[in-house]
Amino acid sequence: MQHVSLNDGHTMPQLGFGVWQVPDDQARGAVETALEAGYRSIDTARIYDNETGVGRAVAASGIDRDDLFVTTKLWNGDQGYDATLKAFDASLERLGLDHVDLYLIHWPLPARDLYVDTWRAMERIRSEGRARSIGVSNFTRSTLDRLVAETEVVPVLNQIELHPYLNQADMRRADAEHGVLTEAWSPLGQGKGLLEDPVLTSLGAKHGKSAAQVVLRWHLQLGNVVIPKSVTPSRIRENIDVFDFELDAEDVDAISALDRGGRIGPDPDTFD
Ligand code: NAD
């Protein structure tokens, strides 16, 4: 597993396991399968309603806590200084942990204008050591610029929708200008459609890999952190088996050229 360095001195695995839409009673089994396959980073959120299952899998794994990287996220209704502190306590409790490795603001919600106050609470949580690192999700150039200008701690990463049909070249540049890593959500474009793209299937044939593995390799070579999701054990294993081949520069460019600029998920400027 490759690790990446964060701007606060910590490191994290470049590839992790996402658990959006995994029901709480299946999360434990899915995360156990992922940990057995070699994943050491898990991405959950308050709104996924599966922090309890994730925490149980972590506890049952017997893996040293320092070798695991657990991310969770603050949900929209909990923004604001006091509400953030309270919501964080509740997430830790559900996870059964004394700290998380990364705590993220899930969406900026610019119309509500609470993300700066929210971030100050995140800074406090970080200073208490209860989140080792803090970051953001779905931040745009303007919301990230303002957060960095008005607060002390620069987010370690920005988790955004990013896949070959939405390669986010501009936002990746904006993140990099601030020393913020870009983490890709829906890195496989949620599977359907994208993974049948002839460019990806032919690159899969060229490298003896699946289209999903080619897409994940593209992310890694761009420097993105990725968190693919699956509940199917063979796919969970397939998605981490991407460290034994390399795309050529022209392969990377061909995948980047698939960009259509269309989102699967909501627009962060208007999502509330
Ligand atoms: P994804 O791009 O990881 O796609 C997952 C889907 O792709 C699976 O449900 C399955 O249908 C298919 N798939 C997975 N592996 C495959 C394989 N090897 N071959 C063929 N098909 C395969 O989509 P996602 O779950 O939306 O995103 C990943 C993670 O990102 C989530 O679980 C969550 O942790 C995070 N996320 C964050 C946000 C946010 O707002 N911050 C939003 C969405 C997702």
# chains A, B, ... in the order shown; residues from 1 in each chain; ligands from 1
$ residues_near_ligand --ligand "ligand 1" --cutoff "8 Å" --atoms "only C-alpha atoms and all ligand atoms" --output "ChimeraX atom specification"
/A:17-22,42-45,73,106-107,137-138,159-161,163,184-192,195,210-213,226-232,234-236,238-239,265
$ write_last_selection --atoms "C-alpha atoms" --output "PDB file, in the first residue's frame"
ATOM      1  CA  PHE A  17     -12.515   1.667   1.456  1.00  0.00           C
ATOM      2  CA  GLY A  18     -15.719   3.728   1.154  1.00  0.00           C
ATOM      3  CA  VAL A  19     -18.928   2.588   2.838  1.00  0.00           C
ATOM      4  CA  TRP A  20     -21.646   4.941   1.563  1.00  0.00           C
ATOM      5  CA  GLN A  21     -24.960   3.048   1.117  1.00  0.00           C
ATOM      6  CA  VAL A  22     -23.714   0.045   3.101  1.00  0.00           C
ATOM      7  CA  ILE A  42     -12.046   3.369   5.959  1.00  0.00           C
ATOM      8  CA  ASP A  43     -14.244   6.286   4.869  1.00  0.00           C
ATOM      9  CA  THR A  44     -17.583   6.653   6.649  1.00  0.00           C
ATOM     10  CA  ALA A  45     -19.827   9.584   7.654  1.00  0.00           C
ATOM     11  CA  LYS A  73     -17.705  13.409   8.402  1.00  0.00           C
ATOM     12  CA  HIS A 106     -19.184  16.953   4.519  1.00  0.00           C
ATOM     13  CA  TRP A 107     -20.519  19.910   2.428  1.00  0.00           C
ATOM     14  CA  SER A 137     -15.385  17.649   1.383  1.00  0.00           C
ATOM     15  CA  ASN A 138     -17.107  19.172  -1.623  1.00  0.00           C
ATOM     16  CA  GLN A 159     -12.837  14.998  -0.817  1.00  0.00           C
ATOM     17  CA  ILE A 160     -14.699  15.739  -4.061  1.00  0.00           C
ATOM     18  CA  GLU A 161     -16.575  13.903  -6.788  1.00  0.00           C
ATOM     19  CA  HIS A 163     -13.692  10.142 -11.891  1.00  0.00           C
ATOM     20  CA  ALA A 184     -11.819  11.265  -5.058  1.00  0.00           C
ATOM     21  CA  TRP A 185     -15.336  10.242  -4.093  1.00  0.00           C
ATOM     22  CA  SER A 186     -17.226   7.996  -6.494  1.00  0.00           C
ATOM     23  CA  PRO A 187     -13.789   7.256  -7.990  1.00  0.00           C
ATOM     24  CA  LEU A 188     -15.355   4.567 -10.203  1.00  0.00           C
ATOM     25  CA  GLY A 189     -18.187   6.871 -11.269  1.00  0.00           C
ATOM     26  CA  GLN A 190     -20.420   4.525  -9.233  1.00  0.00           C
ATOM     27  CA  GLY A 191     -19.655   1.689 -11.642  1.00  0.00           C
ATOM     28  CA  LYS A 192     -22.418   1.752 -14.203  1.00  0.00           C
ATOM     29  CA  LEU A 195     -16.640   0.928 -16.464  1.00  0.00           C
ATOM     30  CA  SER A 210     -10.181  -4.715 -15.280  1.00  0.00           C
ATOM     31  CA  ALA A 211     -11.585  -1.315 -16.260  1.00  0.00           C
ATOM     32  CA  ALA A 212     -12.097  -0.595 -12.541  1.00  0.00           C
ATOM     33  CA  GLN A 213      -8.429  -1.315 -11.825  1.00  0.00           C
ATOM     34  CA  VAL A 226      -9.188   7.082  -3.604  1.00  0.00           C
ATOM     35  CA  ILE A 227     -11.915   5.327  -1.629  1.00  0.00           C
ATOM     36  CA  PRO A 228     -13.745   2.865  -3.910  1.00  0.00           C
ATOM     37  CA  LYS A 229     -16.775   1.099  -2.470  1.00  0.00           C
ATOM     38  CA  SER A 230     -18.069  -2.421  -3.006  1.00  0.00           C
ATOM     39  CA  VAL A 231     -19.823  -4.999  -0.863  1.00  0.00           C
ATOM     40  CA  THR A 232     -18.824  -7.846  -3.189  1.00  0.00           C
ATOM     41  CA  SER A 234     -14.176 -10.338  -5.154  1.00  0.00           C
ATOM     42  CA  ARG A 235     -14.507  -6.661  -6.153  1.00  0.00           C
ATOM     43  CA  ILE A 236     -13.214  -5.475  -2.769  1.00  0.00           C
ATOM     44  CA  GLU A 238      -9.915  -6.476  -7.116  1.00  0.00           C
ATOM     45  CA  ASN A 239     -10.025  -2.782  -6.206  1.00  0.00           C
ATOM     46  CA  GLY A 265     -23.910  14.105  -7.370  1.00  0.00           C
TER      47      GLY A 265
END
$ select_by_dssp --residues "range 4-213 of chain A" --states "strand (DSSP E or B)" --output "PDB file with C-alpha atoms, in the first residue's frame"
ATOM      1  CA  VAL A   4       0.687   9.964   0.999  1.00  0.00           C
ATOM      2  CA  SER A   5       1.957  12.774   3.223  1.00  0.00           C
ATOM      3  CA  THR A  11       0.407  10.156   6.437  1.00  0.00           C
ATOM      4  CA  MET A  12      -2.494   8.106   5.110  1.00  0.00           C
ATOM      5  CA  PRO A  13      -2.982   5.181   2.735  1.00  0.00           C
ATOM      6  CA  LEU A  15      -6.301   3.880  -1.319  1.00  0.00           C
ATOM      7  CA  PHE A  17     -12.515   1.667   1.456  1.00  0.00           C
ATOM      8  CA  GLY A  18     -15.719   3.728   1.154  1.00  0.00           C
ATOM      9  CA  SER A  41      -8.258   3.215   5.562  1.00  0.00           C
ATOM     10  CA  ILE A  42     -12.046   3.369   5.959  1.00  0.00           C
ATOM     11  CA  ASP A  43     -14.244   6.286   4.869  1.00  0.00           C
ATOM     12  CA  PHE A  69      -6.927   5.238   9.321  1.00  0.00           C
ATOM     13  CA  VAL A  70     -10.579   6.017  10.101  1.00  0.00           C
ATOM     14  CA  THR A  71     -12.354   8.974   8.488  1.00  0.00           C
ATOM     15  CA  THR A  72     -15.806  10.258   9.357  1.00  0.00           C
ATOM     16  CA  LYS A  73     -17.705  13.409   8.402  1.00  0.00           C
ATOM     17  CA  LEU A  74     -19.853  16.063   9.995  1.00  0.00           C
ATOM     18  CA  VAL A 100     -10.467   9.435  14.426  1.00  0.00           C
ATOM     19  CA  ASP A 101      -7.654   9.929  11.979  1.00  0.00           C
ATOM     20  CA  LEU A 102      -9.569  12.393   9.838  1.00  0.00           C
ATOM     21  CA  TYR A 103     -12.716  14.448  10.401  1.00  0.00           C
ATOM     22  CA  LEU A 104     -14.292  16.217   7.416  1.00  0.00           C
ATOM     23  CA  ILE A 105     -16.924  18.902   6.887  1.00  0.00           C
ATOM     24  CA  ALA A 131      -9.124  14.001  15.343  1.00  0.00           C
ATOM     25  CA  ARG A 132      -5.516  13.646  14.252  1.00  0.00           C
ATOM     26  CA  SER A 133      -6.220  15.537  11.024  1.00  0.00           C
ATOM     27  CA  ILE A 134      -9.083  17.683   9.756  1.00  0.00           C
ATOM     28  CA  GLY A 135     -10.258  18.299   6.239  1.00  0.00           C
ATOM     29  CA  VAL A 136     -13.167  19.208   4.011  1.00  0.00           C
ATOM     30  CA  SER A 137     -15.385  17.649   1.383  1.00  0.00           C
ATOM     31  CA  LEU A 157      -7.513  17.199   1.988  1.00  0.00           C
ATOM     32  CA  ASN A 158     -10.647  18.005   0.034  1.00  0.00           C
ATOM     33  CA  GLN A 159     -12.837  14.998  -0.817  1.00  0.00           C
ATOM     34  CA  ILE A 160     -14.699  15.739  -4.061  1.00  0.00           C
ATOM     35  CA  GLU A 161     -16.575  13.903  -6.788  1.00  0.00           C
ATOM     36  CA  HIS A 163     -13.692  10.142 -11.891  1.00  0.00           C
ATOM     37  CA  LEU A 166     -15.368  14.540 -14.167  1.00  0.00           C
ATOM     38  CA  LEU A 181      -4.586  16.797  -1.213  1.00  0.00           C
ATOM     39  CA  THR A 182      -7.494  15.840  -3.429  1.00  0.00           C
ATOM     40  CA  GLU A 183      -9.455  12.738  -2.459  1.00  0.00           C
ATOM     41  CA  ALA A 184     -11.819  11.265  -5.058  1.00  0.00           C
ATOM     42  CA  TRP A 185     -15.336  10.242  -4.093  1.00  0.00           C
TER      43      TRP A 185
END
$ residues_around --residues "Arg217 in chain A" --least-positions-apart "5" --cutoff "8 Å" --atoms "only C-alpha atoms" --output "list in words"
Val242, Phe243, Glu246 and Leu247 of chain A
$ write_last_selection --atoms "N, CA and C atoms" --output "PDB file, in the first residue's frame"
ATOM      1  N   VAL A 242      -3.998  -3.056  -7.343  1.00  0.00           N
ATOM      2  CA  VAL A 242      -3.661  -2.064  -8.376  1.00  0.00           C
ATOM      3  C   VAL A 242      -2.245  -1.515  -8.209  1.00  0.00           C
ATOM      4  N   PHE A 243      -1.435  -2.248  -7.456  1.00  0.00           N
ATOM      5  CA  PHE A 243      -0.080  -1.745  -7.177  1.00  0.00           C
ATOM      6  C   PHE A 243       0.996  -2.527  -7.937  1.00  0.00           C
ATOM      7  N   GLU A 246       1.550  -0.304 -14.120  1.00  0.00           N
ATOM      8  CA  GLU A 246       1.635   1.144 -14.278  1.00  0.00           C
ATOM      9  C   GLU A 246       1.069   1.543 -15.635  1.00  0.00           C
ATOM     10  N   LEU A 247       0.297   2.603 -15.659  1.00  0.00           N
ATOM     11  CA  LEU A 247      -0.201   3.136 -16.930  1.00  0.00           C
ATOM     12  C   LEU A 247       0.898   3.971 -17.577  1.00  0.00           C
TER      13      LEU A 247
END
$ residues_around --residues "Leu147 in chain A" --least-positions-apart "2" --cutoff "12 Å" --atoms "only C-alpha atoms" --output "ChimeraX atom specification"
/A:105,108,110,113-120,123,135-136,139-145,149-155,158,178
$ write_last_selection --atoms "N, CA and C atoms" --output "PDB file, in the first residue's frame"
ATOM      1  N   ILE A 105     -15.639  18.212   7.116  1.00  0.00           N
ATOM      2  CA  ILE A 105     -16.924  18.902   6.887  1.00  0.00           C
ATOM      3  C   ILE A 105     -17.478  18.312   5.594  1.00  0.00           C
ATOM      4  N   PRO A 108     -19.935  22.265   2.084  1.00  0.00           N
ATOM      5  CA  PRO A 108     -19.706  23.630   2.590  1.00  0.00           C
ATOM      6  C   PRO A 108     -20.993  24.406   2.885  1.00  0.00           C
ATOM      7  N   PRO A 110     -22.634  26.964   1.319  1.00  0.00           N
ATOM      8  CA  PRO A 110     -22.290  28.390   1.362  1.00  0.00           C
ATOM      9  C   PRO A 110     -23.469  29.288   1.744  1.00  0.00           C
ATOM     10  N   ASP A 113     -23.651  29.707   5.425  1.00  0.00           N
ATOM     11  CA  ASP A 113     -22.529  30.508   5.925  1.00  0.00           C
ATOM     12  C   ASP A 113     -22.085  30.094   7.339  1.00  0.00           C
ATOM     13  N   LEU A 114     -21.999  28.812   7.574  1.00  0.00           N
ATOM     14  CA  LEU A 114     -21.567  28.331   8.901  1.00  0.00           C
ATOM     15  C   LEU A 114     -20.225  27.613   8.849  1.00  0.00           C
ATOM     16  N   TYR A 115     -19.668  27.460   7.667  1.00  0.00           N
ATOM     17  CA  TYR A 115     -18.507  26.560   7.578  1.00  0.00           C
ATOM     18  C   TYR A 115     -17.255  27.109   8.261  1.00  0.00           C
ATOM     19  N   VAL A 116     -17.134  28.431   8.386  1.00  0.00           N
ATOM     20  CA  VAL A 116     -15.950  28.976   9.080  1.00  0.00           C
ATOM     21  C   VAL A 116     -16.063  28.694  10.586  1.00  0.00           C
ATOM     22  N   ASP A 117     -17.222  28.948  11.166  1.00  0.00           N
ATOM     23  CA  ASP A 117     -17.434  28.624  12.601  1.00  0.00           C
ATOM     24  C   ASP A 117     -17.264  27.126  12.846  1.00  0.00           C
ATOM     25  N   THR A 118     -17.803  26.353  11.921  1.00  0.00           N
ATOM     26  CA  THR A 118     -17.691  24.895  12.022  1.00  0.00           C
ATOM     27  C   THR A 118     -16.221  24.488  12.044  1.00  0.00           C
ATOM     28  N   TRP A 119     -15.450  25.115  11.169  1.00  0.00           N
ATOM     29  CA  TRP A 119     -14.018  24.776  11.072  1.00  0.00           C
ATOM     30  C   TRP A 119     -13.289  25.118  12.375  1.00  0.00           C
ATOM     31  N   ARG A 120     -13.698  26.204  13.036  1.00  0.00           N
ATOM     32  CA  ARG A 120     -13.031  26.561  14.305  1.00  0.00           C
ATOM     33  C   ARG A 120     -13.253  25.455  15.338  1.00  0.00           C
ATOM     34  N   GLU A 123     -10.927  22.711  14.436  1.00  0.00           N
ATOM     35  CA  GLU A 123      -9.560  23.039  14.893  1.00  0.00           C
ATOM     36  C   GLU A 123      -9.410  22.680  16.374  1.00  0.00           C
ATOM     37  N   GLY A 135     -10.195  17.969   7.654  1.00  0.00           N
ATOM     38  CA  GLY A 135     -10.258  18.299   6.239  1.00  0.00           C
ATOM     39  C   GLY A 135     -11.674  18.659   5.834  1.00  0.00           C
ATOM     40  N   VAL A 136     -11.870  18.789   4.534  1.00  0.00           N
ATOM     41  CA  VAL A 136     -13.167  19.208   4.011  1.00  0.00           C
ATOM     42  C   VAL A 136     -13.595  18.281   2.877  1.00  0.00           C
ATOM     43  N   PHE A 139     -15.655  21.080  -1.162  1.00  0.00           N
ATOM     44  CA  PHE A 139     -15.342  22.505  -1.183  1.00  0.00           C
ATOM     45  C   PHE A 139     -14.936  22.920  -2.603  1.00  0.00           C
ATOM     46  N   THR A 140     -15.334  24.135  -2.945  1.00  0.00           N
ATOM     47  CA  THR A 140     -15.038  24.722  -4.254  1.00  0.00           C
ATOM     48  C   THR A 140     -13.879  25.696  -4.079  1.00  0.00           C
ATOM     49  N   ARG A 141     -13.432  26.266  -5.178  1.00  0.00           N
ATOM     50  CA  ARG A 141     -12.331  27.224  -5.095  1.00  0.00           C
ATOM     51  C   ARG A 141     -12.683  28.357  -4.114  1.00  0.00           C
ATOM     52  N   SER A 142     -13.894  28.905  -4.211  1.00  0.00           N
ATOM     53  CA  SER A 142     -14.217  30.073  -3.373  1.00  0.00           C
ATOM     54  C   SER A 142     -14.385  29.683  -1.906  1.00  0.00           C
ATOM     55  N   THR A 143     -15.022  28.558  -1.630  1.00  0.00           N
ATOM     56  CA  THR A 143     -15.200  28.191  -0.218  1.00  0.00           C
ATOM     57  C   THR A 143     -13.863  27.780   0.399  1.00  0.00           C
ATOM     58  N   LEU A 144     -13.004  27.146  -0.381  1.00  0.00           N
ATOM     59  CA  LEU A 144     -11.690  26.756   0.155  1.00  0.00           C
ATOM     60  C   LEU A 144     -10.810  27.995   0.388  1.00  0.00           C
ATOM     61  N   ASP A 145     -10.813  28.909  -0.586  1.00  0.00           N
ATOM     62  CA  ASP A 145     -10.012  30.139  -0.428  1.00  0.00           C
ATOM     63  C   ASP A 145     -10.424  30.862   0.862  1.00  0.00           C
ATOM     64  N   ALA A 149      -8.203  31.561   4.228  1.00  0.00           N
ATOM     65  CA  ALA A 149      -7.896  32.959   4.559  1.00  0.00           C
ATOM     66  C   ALA A 149      -8.329  33.312   5.983  1.00  0.00           C
ATOM     67  N   GLU A 150      -9.422  32.712   6.468  1.00  0.00           N
ATOM     68  CA  GLU A 150     -10.017  33.178   7.725  1.00  0.00           C
ATOM     69  C   GLU A 150      -9.741  32.282   8.931  1.00  0.00           C
ATOM     70  N   THR A 151      -9.029  31.172   8.725  1.00  0.00           N
ATOM     71  CA  THR A 151      -8.792  30.266   9.856  1.00  0.00           C
ATOM     72  C   THR A 151      -7.313  29.891   9.931  1.00  0.00           C
ATOM     73  N   GLU A 152      -6.968  29.146  10.986  1.00  0.00           N
ATOM     74  CA  GLU A 152      -5.557  28.846  11.262  1.00  0.00           C
ATOM     75  C   GLU A 152      -5.042  27.604  10.530  1.00  0.00           C
ATOM     76  N   VAL A 153      -5.831  26.536  10.606  1.00  0.00           N
ATOM     77  CA  VAL A 153      -5.351  25.231  10.126  1.00  0.00           C
ATOM     78  C   VAL A 153      -5.823  25.008   8.681  1.00  0.00           C
ATOM     79  N   VAL A 154      -4.888  24.689   7.816  1.00  0.00           N
ATOM     80  CA  VAL A 154      -5.240  24.384   6.414  1.00  0.00           C
ATOM     81  C   VAL A 154      -5.749  22.937   6.356  1.00  0.00           C
ATOM     82  N   PRO A 155      -6.888  22.700   5.701  1.00  0.00           N
ATOM     83  CA  PRO A 155      -7.385  21.317   5.603  1.00  0.00           C
ATOM     84  C   PRO A 155      -6.319  20.403   4.982  1.00  0.00           C
ATOM     85  N   ASN A 158      -9.305  17.646   0.486  1.00  0.00           N
ATOM     86  CA  ASN A 158     -10.647  18.005   0.034  1.00  0.00           C
ATOM     87  C   ASN A 158     -11.189  16.803  -0.722  1.00  0.00           C
ATOM     88  N   HIS A 178      -3.082  25.279  -2.299  1.00  0.00           N
ATOM     89  CA  HIS A 178      -3.156  25.447  -0.841  1.00  0.00           C
ATOM     90  C   HIS A 178      -2.429  24.327  -0.083  1.00  0.00           C
TER      91      HIS A 178
END
$ closest_residue --among "A:Gly16, A:Gly80, A:Gly204, A:Gly261" --to "Trp218 in chain A" --atoms "only C-alpha atoms"
A:Gly204
$ residues_around --residues "Ala57 in chain A" --least-positions-apart "5" --cutoff "12 Å" --atoms "only C-alpha atoms" --output "PyMOL selection string"
chain A and resi 24-36+40+42+50-52+62-63+65+68+70+95-97
$ select_by_dssp --residues "range 47-129 of chain A" --states "alpha helix (DSSP H)" --output "ChimeraX atom specification"
/A:51-61,81-95,115-127
$ write_last_selection --atoms "C-alpha atoms" --output "mmCIF file, in the first residue's frame"
data_model
loop_
_atom_site.group_PDB
_atom_site.id
_atom_site.type_symbol
_atom_site.label_atom_id
_atom_site.label_comp_id
_atom_site.auth_asym_id
_atom_site.auth_seq_id
_atom_site.Cartn_x
_atom_site.Cartn_y
_atom_site.Cartn_z
ATOM 1 C CA GLU A 51 -20.440 4.235 12.050
ATOM 2 C CA THR A 52 -21.450 1.563 14.572
ATOM 3 C CA GLY A 53 -20.836 -1.304 12.137
ATOM 4 C CA VAL A 54 -17.544 0.214 11.005
ATOM 5 C CA GLY A 55 -16.420 0.567 14.624
ATOM 6 C CA ARG A 56 -17.309 -3.051 15.365
ATOM 7 C CA ALA A 57 -15.239 -4.273 12.436
ATOM 8 C CA VAL A 58 -12.294 -2.160 13.569
ATOM 9 C CA ALA A 59 -12.568 -3.476 17.125
ATOM 10 C CA ALA A 60 -12.869 -7.103 16.007
ATOM 11 C CA SER A 61 -9.982 -6.881 13.548
ATOM 12 C CA TYR A 81 -19.406 25.650 16.528
ATOM 13 C CA ASP A 82 -21.322 24.001 19.389
ATOM 14 C CA ALA A 83 -23.265 21.601 17.182
ATOM 15 C CA THR A 84 -20.028 20.369 15.624
ATOM 16 C CA LEU A 85 -18.483 19.567 19.007
ATOM 17 C CA LYS A 86 -21.603 17.647 19.989
ATOM 18 C CA ALA A 87 -21.879 15.784 16.684
ATOM 19 C CA PHE A 88 -18.224 14.781 16.863
ATOM 20 C CA ASP A 89 -18.697 13.283 20.346
ATOM 21 C CA ALA A 90 -21.640 11.258 19.044
ATOM 22 C CA SER A 91 -19.658 9.979 16.039
ATOM 23 C CA LEU A 92 -16.746 8.903 18.250
ATOM 24 C CA GLU A 93 -19.154 7.133 20.552
ATOM 25 C CA ARG A 94 -20.819 5.226 17.701
ATOM 26 C CA LEU A 95 -17.409 4.290 16.299
ATOM 27 C CA TYR A 115 -18.507 26.560 7.578
ATOM 28 C CA VAL A 116 -15.950 28.976 9.080
ATOM 29 C CA ASP A 117 -17.434 28.624 12.601
ATOM 30 C CA THR A 118 -17.691 24.895 12.022
ATOM 31 C CA TRP A 119 -14.018 24.776 11.072
ATOM 32 C CA ARG A 120 -13.031 26.561 14.305
ATOM 33 C CA ALA A 121 -14.684 23.696 16.212
ATOM 34 C CA MET A 122 -12.804 21.216 14.029
ATOM 35 C CA GLU A 123 -9.560 23.039 14.893
ATOM 36 C CA ARG A 124 -10.391 22.618 18.584
ATOM 37 C CA ILE A 125 -11.123 18.893 18.128
ATOM 38 C CA ARG A 126 -7.778 18.555 16.377
ATOM 39 C CA SER A 127 -5.907 20.443 19.124
#
$ atom_distance --atom1 "CA of Val156 in chain A" --atom2 "CA of Gly179 in chain A"
7.6 Å
$ residues_around --residues "Val252 in chain A" --least-positions-apart "6" --cutoff "12 Å" --atoms "only C-alpha atoms" --output "VMD selection string"
chain A and resid 164 167 199 to 200 203 214 to 223 246 258
$ write_last_selection --atoms "C-alpha atoms" --output "PDB file, in the first residue's frame"
ATOM      1  CA  PRO A 164     -12.698  10.023 -15.568  1.00  0.00           C
ATOM      2  CA  ASN A 167     -11.637  14.886 -13.754  1.00  0.00           C
ATOM      3  CA  VAL A 199     -11.197   3.393 -23.720  1.00  0.00           C
ATOM      4  CA  LEU A 200     -11.116   1.841 -20.251  1.00  0.00           C
ATOM      5  CA  LEU A 203      -6.675  -0.270 -21.544  1.00  0.00           C
ATOM      6  CA  VAL A 214      -7.367   0.929 -14.718  1.00  0.00           C
ATOM      7  CA  VAL A 215      -9.483   3.787 -13.336  1.00  0.00           C
ATOM      8  CA  LEU A 216      -8.074   3.362  -9.822  1.00  0.00           C
ATOM      9  CA  ARG A 217      -4.530   3.276 -11.207  1.00  0.00           C
ATOM     10  CA  TRP A 218      -5.244   6.536 -13.106  1.00  0.00           C
ATOM     11  CA  HIS A 219      -6.284   8.176  -9.827  1.00  0.00           C
ATOM     12  CA  LEU A 220      -3.168   6.954  -8.025  1.00  0.00           C
ATOM     13  CA  GLN A 221      -0.872   8.175 -10.784  1.00  0.00           C
ATOM     14  CA  LEU A 222      -2.575  11.605 -10.730  1.00  0.00           C
ATOM     15  CA  GLY A 223      -1.847  11.751  -6.987  1.00  0.00           C
ATOM     16  CA  GLU A 246       1.635   1.144 -14.278  1.00  0.00           C
ATOM     17  CA  LEU A 258     -12.790  11.277 -21.216  1.00  0.00           C
TER      18      LEU A 258
END
$ atom_distance --atom1 "CA of Ala111 in chain A" --atom2 "CA of Asp170 in chain A"
22.5 Å
